[in-house]
Every structure is written in C-alpha cells, then in structure tokens.
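Structure file input.txt with compact mmCIF, C-alpha atoms:
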```txt
# COMPACT_ATOMS: atom_id res chain seq x y z
CA MET A 1 -34.18 107.93 -8.24
CA VAL A 2 -33.20 105.37 -10.72
CA ASP A 3 -32.03 101.79 -9.59
CA GLU A 4 -28.89 101.48 -11.58
CA SER A 5 -28.67 97.74 -11.12
CA SER A 6 -32.05 97.10 -12.67
CA GLY A 7 -32.35 100.15 -14.81
CA ALA A 8 -35.83 100.88 -13.40
CA GLU A 9 -37.02 103.90 -11.63
CA PRO A 10 -37.81 103.76 -8.00
CA GLY A 11 -41.28 102.65 -7.24
CA THR A 12 -41.55 100.75 -10.45
CA GLN A 13 -42.37 96.93 -9.89
CA MET A 14 -40.24 94.63 -12.02
CA PRO A 15 -41.55 91.24 -13.25
CA GLY A 16 -39.05 89.34 -11.09
CA ASP A 17 -40.04 91.17 -8.02
CA ASP A 18 -43.19 89.11 -7.76
CA PRO A 19 -43.00 87.15 -4.52
CA GLU A 20 -44.18 83.92 -6.07
CA THR A 21 -41.71 84.25 -8.84
CA GLN A 22 -38.97 84.97 -6.41
CA ALA A 23 -40.02 81.97 -4.34
CA THR A 24 -39.99 79.77 -7.40
CA GLU A 25 -36.59 81.01 -8.41
CA ARG A 26 -35.27 80.42 -4.92
CA GLY A 27 -36.72 76.87 -4.97
CA THR A 28 -35.18 76.16 -8.32
CA LEU A 29 -31.87 77.51 -7.12
CA LEU A 30 -32.05 75.42 -3.98
CA GLU A 31 -32.96 72.26 -5.92
CA GLY A 32 -29.99 72.79 -8.19
CA ILE A 33 -27.76 73.21 -5.20
CA ARG A 34 -29.20 70.05 -3.63
CA SER A 35 -28.72 68.11 -6.91
CA ARG A 36 -25.11 69.22 -7.11
CA ILE A 37 -24.63 68.20 -3.49
CA ARG A 38 -26.18 64.76 -4.11
CA LYS A 39 -23.98 64.19 -7.14
CA ARG A 40 -20.93 65.17 -5.20
CA SER A 41 -22.00 62.86 -2.36
CA ILE A 42 -22.45 59.96 -4.75
CA LEU A 43 -19.08 60.63 -6.34
CA VAL A 44 -17.39 60.92 -2.99
CA GLY A 45 -19.15 57.73 -1.77
CA GLY A 46 -18.05 55.86 -4.90
CA ILE A 47 -14.53 57.05 -4.41
CA ILE A 48 -14.64 55.91 -0.80
CA VAL A 49 -16.09 52.46 -1.74
CA ALA A 50 -13.51 52.05 -4.49
CA GLY A 51 -10.82 52.97 -2.04
CA VAL A 52 -12.09 50.46 0.47
CA VAL A 53 -12.24 47.69 -2.20
CA ALA A 54 -8.76 48.58 -3.38
CA LEU A 55 -7.48 48.50 0.18
CA GLY A 56 -9.19 45.10 0.63
CA LEU A 57 -7.55 43.71 -2.49
CA VAL A 58 -4.20 45.00 -1.42
CA ALA A 59 -4.72 43.46 1.99
CA PHE A 60 -5.75 40.13 0.39
CA VAL A 61 -2.69 40.10 -1.86
CA ILE A 62 -0.46 40.94 1.07
CA LEU A 63 -2.10 38.27 3.23
CA ASP A 64 -1.91 35.65 0.44
CA HIS A 65 1.75 36.40 -0.06
CA VAL A 66 2.44 36.28 3.64
CA THR A 67 0.69 32.87 4.04
CA ARG A 68 2.60 31.16 1.19
CA VAL A 69 5.81 29.15 1.69
CA SER A 70 8.74 28.48 -0.62
CA VAL A 71 8.99 24.84 -1.78
CA PRO A 72 12.37 23.37 -0.76
CA VAL A 73 14.62 21.97 -3.51
CA VAL A 74 14.69 18.24 -2.65
CA GLU A 75 15.87 16.66 -5.91
CA GLN A 76 18.79 14.23 -5.45
CA GLN A 77 18.00 13.98 -1.74
CA THR A 78 17.00 10.72 -0.12
CA LEU A 79 13.29 10.19 0.29
CA ALA A 80 13.70 10.47 4.07
CA ASP A 81 15.53 13.83 3.86
CA ALA A 82 13.12 15.17 1.25
CA THR A 83 10.10 14.26 3.36
CA ALA A 84 11.65 15.87 6.43
CA ALA A 85 12.42 19.08 4.50
CA LEU A 86 8.85 19.35 3.25
CA ASP A 87 7.42 18.60 6.68
CA GLY A 88 9.56 21.44 8.03
CA VAL A 89 7.65 24.00 5.95
CA GLU A 90 4.29 22.35 6.57
CA LEU A 91 4.01 20.80 3.08
CA ARG A 92 2.67 17.31 2.55
CA SER A 93 4.41 14.84 0.23
CA VAL A 94 3.54 11.80 -1.86
CA PHE A 95 5.91 9.79 -4.03
CA HIS A 96 5.67 7.73 -7.20
CA THR A 97 8.11 4.94 -8.13
CA ASP A 98 8.43 1.91 -10.40
CA SER A 99 10.67 0.16 -7.86
CA ALA A 100 9.22 -2.43 -5.52
CA PHE A 101 12.17 -1.78 -3.24
CA CYS A 102 11.30 1.92 -2.84
CA GLU A 103 7.62 1.07 -2.50
CA ASP A 104 7.71 -1.78 0.01
CA ASP A 105 11.10 -2.09 1.70
CA ASP A 106 11.61 -0.46 5.08
CA ARG A 107 15.02 0.73 3.88
CA GLY A 108 13.50 2.55 0.90
CA PRO A 109 13.37 6.04 2.52
CA GLU A 110 17.13 5.91 3.22
CA PHE A 111 18.23 4.31 -0.05
CA CYS A 112 15.89 5.84 -2.65
CA VAL A 113 16.46 9.34 -4.08
CA VAL A 114 14.20 12.02 -5.54
CA THR A 115 14.67 12.60 -9.29
CA SER A 116 11.99 15.28 -9.76
CA GLN A 117 9.37 17.21 -7.81
CA THR A 118 6.08 18.97 -8.52
CA PRO A 119 5.75 21.91 -7.72
CA ALA A 120 9.35 22.78 -8.53
CA GLY A 121 11.82 23.92 -5.91
CA ASP A 122 11.62 27.59 -4.80
CA GLU A 123 8.05 27.91 -6.08
CA ARG A 124 5.79 29.60 -3.50
CA VAL A 125 2.69 27.65 -2.50
CA HIS A 126 0.22 27.59 0.35
CA ALA A 127 1.09 25.63 3.45
CA ASP A 128 -0.33 22.08 3.56
CA GLU A 129 -0.15 21.78 -0.23
CA VAL A 130 0.97 18.40 -1.66
CA VAL A 131 4.38 18.04 -3.32
CA THR A 132 4.71 14.98 -5.61
CA LEU A 133 8.11 13.27 -5.72
CA GLU A 134 9.44 10.86 -8.35
CA VAL A 135 11.74 8.33 -6.65
CA VAL A 136 14.28 5.70 -7.80
CA PRO A 137 16.71 3.42 -5.91
CA SER A 138 20.09 5.02 -5.31
CA GLU A 139 23.45 3.71 -6.51
CA VAL A 140 25.42 2.08 -3.68
CA SER A 141 28.99 0.83 -3.39
CA ILE A 142 29.33 -2.96 -3.32
CA PRO A 143 31.38 -4.11 -0.34
CA ASP A 144 34.29 -6.54 -0.80
CA LEU A 145 32.99 -9.81 0.64
CA ASP A 146 35.83 -12.22 -0.27
CA GLY A 147 37.01 -14.22 2.74
CA MET A 148 34.06 -13.30 4.95
CA THR A 149 31.74 -15.88 6.39
CA TYR A 150 28.43 -15.94 4.60
CA GLY A 151 26.66 -14.58 7.69
CA ASP A 152 29.02 -11.58 7.87
CA ALA A 153 28.65 -11.02 4.12
CA VAL A 154 24.86 -10.87 4.50
CA ASP A 155 25.23 -8.22 7.22
CA ALA A 156 27.68 -6.18 5.12
CA GLY A 157 25.32 -6.25 2.18
CA ALA A 158 22.35 -5.22 4.32
CA GLU A 159 24.20 -2.08 5.41
CA VAL A 160 23.99 -0.79 1.81
CA ALA A 161 20.59 -2.35 1.04
CA LEU A 162 21.96 -5.29 -0.99
CA GLN A 163 20.67 -8.83 -0.48
CA VAL A 164 23.54 -11.33 -0.50
CA LEU A 165 22.53 -14.80 -1.75
CA PRO A 166 24.45 -18.03 -2.52
CA SER A 167 25.08 -18.66 -6.23
CA ASP A 168 24.18 -22.29 -5.57
CA THR A 169 20.70 -22.08 -4.08
CA SER A 170 21.08 -25.54 -2.53
CA ASP A 171 23.70 -24.10 -0.14
CA SER A 172 20.94 -22.60 1.98
CA LEU A 173 19.41 -26.04 2.54
CA ILE A 174 22.43 -27.27 4.50
CA ASP A 175 22.84 -26.72 8.21
CA GLY A 176 25.74 -24.45 9.10
CA TYR A 177 26.12 -22.79 5.69
CA GLU A 178 26.19 -19.36 7.38
CA ASP A 179 29.74 -20.14 8.57
CA TRP A 180 31.08 -21.06 5.12
CA THR A 181 33.62 -18.72 3.54
CA VAL A 182 32.85 -16.52 0.54
CA LEU A 183 35.17 -17.52 -2.33
CA THR A 184 34.00 -15.06 -4.99
CA GLN A 185 31.23 -12.53 -5.58
CA ALA A 186 29.39 -11.95 -8.85
CA GLU A 187 29.68 -8.12 -8.95
CA ARG A 188 31.99 -5.36 -7.80
CA GLY A 189 31.92 -1.57 -7.97
CA THR A 190 28.39 -0.18 -7.67
CA SER A 191 24.89 -1.54 -7.85
CA THR A 192 21.32 -0.38 -7.31
CA ALA A 193 19.90 -0.42 -3.80
CA GLY A 194 17.55 -3.36 -3.33
CA SER A 195 19.46 -5.58 -5.79
CA ASN A 196 20.68 -9.15 -5.19
CA LEU A 197 24.38 -9.96 -4.96
CA ARG A 198 25.38 -13.59 -5.61
CA VAL A 199 28.37 -15.16 -3.89
CA THR A 200 30.08 -18.54 -4.26
CA LEU A 201 30.68 -20.32 -0.98
CA ASP A 202 33.49 -22.70 -0.10
CA ARG A 203 31.73 -25.91 0.92
CA PRO A 204 33.61 -28.33 3.17
CA VAL A 205 34.25 -31.77 1.63
CA ALA A 206 32.80 -35.13 2.61
CA ASP A 207 33.47 -38.76 1.70
CA ALA A 208 31.94 -39.73 -1.65
CA PRO A 209 31.59 -43.26 -3.05
CA ALA A 210 33.32 -44.20 -6.31
CA VAL A 211 30.64 -44.56 -8.97
CA ILE A 212 32.49 -44.40 -12.29
CA GLY A 213 31.72 -47.56 -14.28
CA THR A 214 28.87 -48.61 -11.98
CA ASN A 215 25.23 -49.02 -12.95
CA LEU A 216 23.52 -45.64 -13.33
CA GLN A 217 20.58 -46.35 -11.06
CA GLY A 218 22.85 -47.88 -8.43
CA ALA A 219 25.13 -44.81 -8.53
CA LEU A 220 22.16 -42.48 -8.03
CA ASP A 221 20.99 -44.49 -5.04
CA THR A 222 24.48 -44.71 -3.50
CA LEU A 223 25.21 -40.97 -3.79
CA THR A 224 21.78 -40.05 -2.43
CA ALA A 225 22.30 -42.33 0.56
CA ALA A 226 25.66 -40.58 1.20
CA GLY A 227 23.89 -37.19 1.46
CA PHE A 228 24.49 -35.81 -2.04
CA LEU A 229 21.96 -34.54 -4.57
CA ALA A 230 22.55 -36.90 -7.50
CA VAL A 231 21.06 -36.09 -10.90
CA VAL A 232 21.54 -37.36 -14.45
CA SER A 233 23.05 -35.01 -17.04
CA SER A 234 20.54 -36.17 -19.65
CA ASP A 235 17.76 -38.36 -18.32
CA PRO A 236 17.39 -41.51 -20.46
CA GLY A 237 13.90 -42.18 -19.13
CA ASP A 238 12.42 -45.01 -17.08
CA PRO A 239 12.95 -47.80 -16.45
CA TYR A 240 16.75 -47.55 -16.18
CA ASP A 241 18.52 -50.23 -18.17
CA PRO A 242 21.21 -52.33 -16.44
CA ALA A 243 23.55 -51.55 -19.38
CA TRP A 244 23.68 -47.84 -18.47
CA VAL A 245 26.84 -47.02 -16.51
CA VAL A 246 28.35 -43.83 -15.09
CA THR A 247 31.16 -42.38 -17.22
CA ALA A 248 31.87 -39.11 -15.33
CA THR A 249 30.71 -36.94 -12.41
CA ASP A 250 30.45 -33.15 -12.15
CA PRO A 251 32.01 -32.05 -9.88
CA GLU A 252 34.73 -34.68 -10.15
CA ILE A 253 35.17 -36.96 -7.18
CA ILE A 254 38.75 -36.26 -6.11
CA GLU A 255 40.43 -38.71 -3.78
CA GLY A 256 37.06 -39.96 -2.67
CA LYS A 257 35.83 -36.48 -1.67
CA LEU A 258 33.09 -34.09 -2.79
CA PRO A 259 31.80 -30.80 -1.35
CA VAL A 260 29.31 -31.69 1.36
CA ALA A 261 25.71 -32.23 0.22
CA SER A 262 26.60 -30.92 -3.24
CA LYS A 263 24.67 -31.54 -6.41
CA VAL A 264 26.39 -34.23 -8.48
CA SER A 265 25.56 -34.55 -12.16
CA LEU A 266 26.22 -38.00 -13.62
CA SER A 267 27.19 -38.51 -17.24
CA TRP A 268 26.41 -41.96 -18.50
CA GLY A 269 27.07 -44.36 -21.33
CA VAL A 270 25.98 -47.82 -22.43
CA GLN A 271 28.11 -50.81 -21.49
CA LEU A 272 27.50 -53.04 -24.48
CA PRO A 273 26.04 -56.40 -23.47
CA SER A 274 26.84 -59.62 -25.31
CA VAL A 275 24.08 -60.54 -27.75
CA VAL A 276 25.92 -63.36 -29.54
CA GLY A 277 23.76 -66.47 -29.54
CA MET A 278 20.54 -64.50 -29.00
CA THR A 279 17.89 -64.49 -31.65
CA ASP A 280 17.99 -61.50 -33.93
CA LEU A 281 14.72 -60.20 -32.47
CA ALA A 282 15.86 -60.55 -28.85
CA ALA A 283 19.23 -58.90 -29.57
CA ASN A 284 17.54 -56.00 -31.35
CA ASN A 285 15.21 -55.41 -28.39
CA ALA A 286 18.05 -55.54 -25.84
CA LEU A 287 20.22 -53.06 -27.72
CA SER A 288 17.35 -50.69 -28.54
CA ASN A 289 16.23 -50.63 -24.88
CA ALA A 290 19.79 -49.65 -23.96
CA LYS A 291 19.45 -46.56 -26.24
CA LEU A 292 21.71 -47.95 -28.99
CA THR A 293 21.13 -48.03 -32.72
CA VAL A 294 21.19 -51.50 -34.31
CA THR A 295 22.21 -52.37 -37.86
CA GLY A 296 22.18 -55.83 -39.46
CA SER A 297 18.95 -56.90 -37.79
CA LYS A 298 16.07 -58.44 -39.72
CA SER A 299 13.80 -58.72 -36.66
CA SER A 300 13.86 -62.46 -37.25
CA SER A 301 14.45 -65.61 -35.30
CA GLN A 302 17.95 -66.07 -36.75
CA ALA A 303 20.76 -66.32 -34.20
CA VAL A 304 23.39 -63.60 -33.78
CA ALA A 305 26.79 -64.89 -34.85
CA ALA A 306 28.85 -61.76 -34.02
CA GLN A 307 28.60 -58.16 -32.82
CA ASP A 308 30.68 -55.00 -33.30
CA PRO A 309 31.82 -53.37 -30.99
CA ALA A 310 32.55 -56.20 -28.61
CA ALA A 311 30.65 -56.79 -25.39
CA GLY A 312 31.83 -54.61 -22.49
CA THR A 313 32.60 -51.57 -24.66
CA VAL A 314 31.08 -48.34 -23.25
CA LEU A 315 29.25 -46.37 -25.91
CA LYS A 316 27.42 -43.09 -25.98
CA PRO A 317 23.64 -43.21 -26.22
CA GLY A 318 22.61 -43.49 -29.86
CA ASP A 319 25.88 -45.10 -31.01
CA THR A 320 25.57 -47.90 -33.56
CA VAL A 321 26.05 -51.62 -32.94
CA THR A 322 26.31 -53.95 -35.91
CA ILE A 323 25.18 -57.56 -35.53
CA THR A 324 25.91 -60.44 -37.90
CA LEU A 325 23.29 -63.19 -38.15
CA GLU A 326 23.70 -66.90 -38.60
CA PRO A 327 22.37 -68.08 -41.97
CA PRO A 328 18.70 -69.12 -41.84
CA SER A 329 18.19 -72.83 -41.20
CA THR A 330 15.58 -75.51 -40.65
CA VAL A 331 16.67 -78.77 -39.01
CA TYR A 332 14.81 -82.08 -38.71
CA GLU A 333 16.14 -84.34 -35.96
CA VAL A 334 15.39 -87.83 -34.58
CA VAL A 335 16.89 -89.10 -31.32
CA SER A 336 16.29 -92.45 -29.61
CA ASN A 337 17.64 -94.90 -27.06
CA GLY A 338 17.77 -97.33 -29.93
CA SER A 339 20.45 -97.38 -32.60
CA ARG A 340 18.51 -97.64 -35.88
CA GLY A 341 15.23 -96.53 -37.40
CA THR A 342 13.33 -95.47 -40.52
CA VAL A 343 12.77 -91.75 -41.19
CA THR A 344 10.31 -90.30 -43.71
CA TRP A 345 10.19 -86.53 -44.46
CA ALA A 346 9.20 -83.73 -46.85
CA PRO A 347 11.78 -80.89 -47.08
CA PRO A 348 10.70 -77.34 -46.22
CA ASN A 349 8.64 -75.69 -48.97
CA SER A 350 8.29 -79.04 -50.76
CA PHE A 351 5.81 -81.90 -50.95
CA SER A 352 8.39 -84.37 -52.26
CA ILE A 353 8.57 -87.35 -49.86
CA SER A 354 11.94 -88.86 -48.99
CA GLN A 355 12.80 -91.81 -46.76
CA ALA A 356 15.88 -93.22 -45.10
CA GLY A 357 15.35 -96.86 -44.12
CA ASP A 358 17.31 -98.66 -41.45
CA THR A 359 19.36 -95.46 -40.84
CA PRO A 360 21.59 -94.90 -37.84
CA LEU A 361 20.14 -92.85 -34.99
CA PRO A 362 20.36 -90.07 -34.02
CA TRP A 363 19.47 -88.69 -37.44
CA ARG A 364 19.68 -85.02 -38.53
CA MET A 365 19.10 -83.08 -41.76
CA SER A 366 19.13 -79.29 -42.38
CA TRP A 367 18.14 -76.77 -45.09
CA PRO A 368 19.21 -73.10 -45.56
CA THR A 369 15.74 -71.67 -44.95
CA ASP A 370 13.65 -70.63 -42.01
CA SER A 371 10.20 -71.09 -43.51
CA GLY A 372 7.91 -73.79 -44.82
CA TYR A 373 8.88 -76.81 -42.69
CA ARG A 374 6.79 -79.94 -43.30
CA ASN A 375 5.67 -83.07 -41.47
CA PHE A 376 8.12 -85.87 -40.95
CA ASN A 377 8.03 -89.11 -38.91
CA ALA A 378 10.26 -91.89 -37.66
CA GLN A 379 10.01 -95.55 -36.46
CA ILE A 380 12.64 -97.20 -34.34
CA MET A 381 13.96 -100.72 -35.00
CA ASP A 382 15.26 -101.23 -31.48
CA GLY A 383 15.08 -99.51 -28.17
CA ASN A 384 11.78 -98.30 -26.70
CA SER A 385 11.75 -94.46 -27.00
CA VAL A 386 11.98 -92.09 -29.94
CA THR A 387 11.74 -88.23 -30.19
CA CYS A 388 11.47 -85.98 -33.25
CA ASN A 389 12.47 -82.27 -33.22
CA ILE A 390 12.19 -79.40 -35.71
CA TYR A 391 14.52 -76.40 -35.25
CA VAL A 392 14.15 -73.11 -37.13
CA ASN A 393 17.19 -70.84 -36.85
CA GLY A 394 18.37 -72.89 -33.90
CA GLN A 395 15.07 -72.55 -32.01
CA LEU A 396 13.05 -75.66 -31.20
CA VAL A 397 9.64 -75.14 -32.78
CA LYS A 398 8.19 -78.66 -32.75
CA THR A 399 8.85 -81.83 -30.72
CA ALA A 400 7.12 -85.12 -30.04
CA THR A 401 8.04 -88.38 -28.23
CA SER A 402 6.73 -91.93 -28.53
CA THR A 403 7.60 -95.03 -26.50
CA GLY A 404 7.32 -98.79 -26.91
CA ARG A 405 8.75 -101.50 -29.16
CA TYR A 406 8.91 -100.25 -32.77
CA ALA A 407 7.41 -96.95 -31.63
CA VAL A 408 6.44 -94.40 -34.31
CA VAL A 409 6.67 -90.62 -33.76
CA SER A 410 5.51 -87.71 -35.96
CA CYS A 411 6.50 -84.00 -36.10
CA GLY A 412 4.93 -81.42 -38.38
```
Using the file provided, produce a representation of the structure as structure tokens.
Amino acid sequence: MVDESSGAEPGTQMPGDDPETQATERGTLLEGIRSRIRKRSILVGGIIVAGVVALGLVAFVILDHVTRVSVPVVEQQTLADATAALDGVELRSVFHTDSAFCEDDDRGPEFCVVTSQTPAGDERVHADEVVTLEVVPSEVSIPDLDGMTYGDAVDAGAEVALQVLPSDTSDSLIDGYEDWTVLTQAERGTSTAGSNLRVTLDRPVADAPAVIGTNLQGALDTLTAAGFLAVVSSDPGDPYDPAWVVTATDPEIIEGKLPVASKVSLSWGVQLPSVVGMTDLAANNALSNAKLTVTGSKSSSQAVAAQDPAAGTVLKPGDTVTITLEPPSTVYEVVSNGSRGTVTWAPPNSFSISQAGDTPLPWRMSWPTDSGYRNFNAQIMDGNSVTCNIYVNGQLVKTATSTGRYAVVSCG
C-alpha cells in the first residue's frame, strides 16, 4: 500500500524517518518556537516598561500642574496689599525701590505702590517661589492747612505721609510754636508720599527797640538782648567802625513791634564823620576804614580844609568822599616873655641866611612848601624865656626853649 502523503510504499524507510533526524528537527522546531516566544516577551516587556514610563511622566506633569499656583496681579496695589495677596497663595515677596521713604519709613507699606512684578500676574509658579516687586511712593492729596495750629497741621500731614515743616526753620527753636497758626502753605493739590510740606506760621509780636540811625554794633547787641536774631545784610567785617549806622531793618519794625524771636536783617550805611582839620593821612585812614572811597588825598601831612559830602551825611559803603587840602606850608615861629629879639634863619630848601635884628616878638614867617626846612635861631633882648617852633602843614615838627637873660634858642 502506498503512503500517499509521502509517495513511498509501505515498509520503505524515508530519510526523515530516522529517529535522530526527527529528534534534531523537533529540537530545531522547539528552539525556533522558544526564540519567537522570547522575542515576543521582550517586545511585550518593552511595551509594558514604556507604558509605565509614560504613565509616570503623565503623573509627574499632572502633579507638577496641581502643585503650581497662579501669581496674583498686584500692580498698582499698595505694598501692604500686594504682600498680603502673595502671602495668601504661599508666595514670598521682595521689593526694590529708589525711594528712602519706601525703604525705611514705617508708613512705606501703606503709601508705596507696586509698578511692576516678576513673574507677571496670572503666571503659574510653584508655591514658595519669590515674586520681585518694583515700588514707588504713591501720589497723595495735600490737606488744606490754612488756619490750623501748627501741631494740628503736622497731624493732618502725617495722615497722608507728608511731613509738615515751618518755612522759617528758626520757628522750631521757640517755645510754644506748635500753637501758632498756619498762614500759608507752599503746595496744594497732590504730592508724593514721604515729601516735605512747608508752611508759614503767624508769629506773635513782641516789643522791639528802635535801631534806625544807631551804631551798627550797638543795634546788633540791643536786638540780641531783646530776644531777636540780629544779622547784617552784608557783613562789613571786623572790627565794626563807629561810623556804620543802621539804615533799615527786615522785617520792618512797626510801631515798636516785631514777630517774637524773629530774624532781623540790618541794612547799614556810613554816617560821614568830620575830617576837616585832620591831616590828609589821618582823614584818608578814617574814611577808608569806614568803607568809603576817598578822592583828593595825597597821603600827606597837609590839613583838610573841606569835605564833600558834609559830615553827618549817611552814605552807602563804597561811596566817594572828596577832601580839599590846605596848601602846603612851613612856618618858623619865635615866642618869648620878652618883647624884642634877633632872629636868624635859612628858608626851606635854601642855604641863604637872613636875619631880623631887634624885631618884635612873637615872630613868624611861612613858605608854601612842606619840605626842606632849615635851622634857625633867636636871641631875646629882654625877658628871660624864648621858644622856637617849626610847623609843617600845621603840625609842630620841631621845638626848643631856652631861659635866662639874653637867652639864645635854636631849631633845625
């Protein structure tokens, strides 16, 4: 009988029917099956691992999203409100500012506003992250302070973070100034929190001494003793000259009154002294020391014959005074208790000898010069005392006296 599947006759042994061969084939087949199973296992394991990783990533993303918070929009809020809003979502805050008021003043959180923030509002960030705020002082309305006492004005300003100060800083040195009335204020409308606001206070008045026309130094001393702060509008320097007199006060002394303890500025001028009869040099020194300009001077020993303006005129510092000098002169003079004598002399700038015998005494001769005087002598005919004098420009420069009968005296 023929095996139709193999095409061999029954009883005929085919090559594949060998047991070893069959065993080998079965082993090969089994190994192939195992290999395919291993590959499938690896593929399935990879798919499972990938799935687990993907699920982990999805879980991480979901968890990260869930743990983030939305940053509040805090721009244009006060620093206090902005900080509270950030604290409410567990975000920390720091702020930057160029304002000392926002940085250091206890009122800064209430009167400084946020201009920008980082991260921006509505951005989602992790809790406990830092949000940086840029901060500036806010604009505040200036209260109307007119008519208030200074103490009340200070309180009203403090309510909007403004510091109210007197325009005249010396006000604060006077006891009781807190009760003075505000007359005017420097600004109205709006200002920046932390700014100063100056006010003028109505000082009560006190008795003030009259000082117009008095000596400048004396006026300063008198006003100071009366409790005022006296100063000079333009300080002439020390020492003060007696010719300097007060010409005006600021503020003006009205009916003997000035605001209490106020600062009084004294304007001054020069009350022209009389220099007629002084030597040119002395007059020049006196007028120059009084801060006046002198014309007509030769810095000489000549006497002053006239001055313009007249003595007593009040001038401004630097004004000009013109002096007129006596002509230069040299005078020889002999005086005695006797009545007659003999005088011998050489004129100034000359060696020519002249003599007047038995001439009446006193004797006097002058020349229009102030240099080069010479020796001269005299002898009395009666009496018992004789004196000779030499004057240059009216100033005694040489004198001598001799006594006895027929005494002789010499000058030169």
What does the distance between atom CA of A:Ala378 and atom CA of A:Ala356 come to in Å, to one decimal place?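 Computed distance, atom CA of A:Ala378 to atom CA of A:Ala356, equals 9.4 Å.
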Work out how far apart atom CA of A:Glu178 and atom CA of A:Lys257 are and give it in Å to one decimal.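 So the answer is 21.6 Å.
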Tell me, as JSON, numbers by chain, which residues lie within 10 Å of A:Asp168, counting all atoms listed in the file; anything in the same chain fewer than 4 positions away does not count. {"A": [172, 198, 199, 200, 201, 262, 263]}
If we count only C-alpha atoms, what is near A:Cys411 at a cut-off of 12 Å, once residues fewer than 5 positions away on the same chain are taken out, given as a VMD selection string? chain A and resid 331 to 334 343 to 346 373 to 378 386 to 391 396 to 402
If I put a ball of radius 9 Å at (34.2, -23.9, -1.0) in the file's coordinates, which residues poke into it when counting only C-alpha atoms, written as JSON, numbers by chain? {"A": [180, 181, 182, 183, 200, 201, 202, 203, 204, 205, 259]}
Next, dump the selected residues to file, keeping only C-alpha atoms, as an mmCIF file, keeping the file's coordinate frame.
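Output file result_30.cif is given in full below:
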```
data_model
loop_
_atom_site.group_PDB
_atom_site.id
_atom_site.type_symbol
_atom_site.label_atom_id
_atom_site.label_comp_id
_atom_site.auth_asym_id
_atom_site.auth_seq_id
_atom_site.Cartn_x
_atom_site.Cartn_y
_atom_site.Cartn_z
ATOM 1 C CA TRP A 180 31.080 -21.060 5.120
ATOM 2 C CA THR A 181 33.620 -18.720 3.540
ATOM 3 C CA VAL A 182 32.850 -16.520 0.540
ATOM 4 C CA LEU A 183 35.170 -17.520 -2.330
ATOM 5 C CA THR A 200 30.080 -18.540 -4.260
ATOM 6 C CA LEU A 201 30.680 -20.320 -0.980
ATOM 7 C CA ASP A 202 33.490 -22.700 -0.100
ATOM 8 C CA ARG A 203 31.730 -25.910 0.920
ATOM 9 C CA PRO A 204 33.610 -28.330 3.170
ATOM 10 C CA VAL A 205 34.250 -31.770 1.630
ATOM 11 C CA PRO A 259 31.800 -30.800 -1.350
#
```
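Reported to one decimal place, the separation of atom CA of A:Ala153 from atom CA of A:Asp104 is 23.3 Å.
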Taking 3 positions as the minimum chain separation for residues in the same chain, which residues sit within 9 Å of A:Gln395 when counting all atoms listed in the file? Answer as a list in words.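 Non-adjacent residues within range: Thr279, Ser301, Gln302, Ala303, Ile390, Tyr391 and Val392 of chain A.
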Do you know which residues are at most 9 Å from A:Pro242 counting all atoms listed in the file, after dropping those on the same chain fewer than 2 positions away, and could you put them as JSON, numbers by chain? {"A": [215, 216, 217, 240, 244, 245, 270, 271, 290]}
Mind checking which residues fall within 8 Å of A:Gly227, counting all atoms listed in the file, ignoring those fewer than 2 positions away in the same chain, and posting them as a ChimeraX atom specification? /A:223-225,229,260-261
Using only C-alpha atoms, find the one residue out of A:Thr369, A:Asn337, A:Ala306, A:Val294 that sits nearest to A:Ser350.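 Ranking A:Thr369, A:Asn337, A:Ala306, A:Val294 by distance to A:Ser350, first place goes to A:Thr369.
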Nearest residue to A:Thr295 from the set A:Ala156, A:Ala283, A:Ile323, A:Ala84 (distances using only C-alpha atoms):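 Closest residue, counting only C-alpha atoms: A:Ile323.
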Can you build me a table of stretch 162-270 of chain A residues sitting at most 9 Å from stretch 86-102 of chain A, with the closest atom pair per residue and its distance in Å to one decimal, using only C-alpha atoms, sorted by chain and residue number, as a Markdown table?
```
| residue | atom | partner | partner_atom | distance |
| --- | --- | --- | --- | --- |
| A:Ala193 | CA | A:Phe101 | CA | 7.9 |
| A:Gly194 | CA | A:Phe101 | CA | 5.6 |
| A:Ser195 | CA | A:Phe101 | CA | 8.6 |
```
Using all atoms listed in the file for the distances, tell me which of A:Gly213, A:Gly121, A:Gly189, A:Pro360 is nearest to A:Leu315.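 Closest to A:Leu315, using all atoms listed in the file: A:Gly213.
Minimum atom-to-atom distance to A:His126, evaluated using all atoms listed in the file, belongs to A:Ser70 out of A:Thr359, A:Ser297, A:Ser70, A:Asn289.
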Please tell me which residues are no farther than 6 Å from (28.4, -55.4, -38.0) in the file, counting all atoms listed in the file, and write them as a ChimeraX atom specification. /A:307-308,322-324
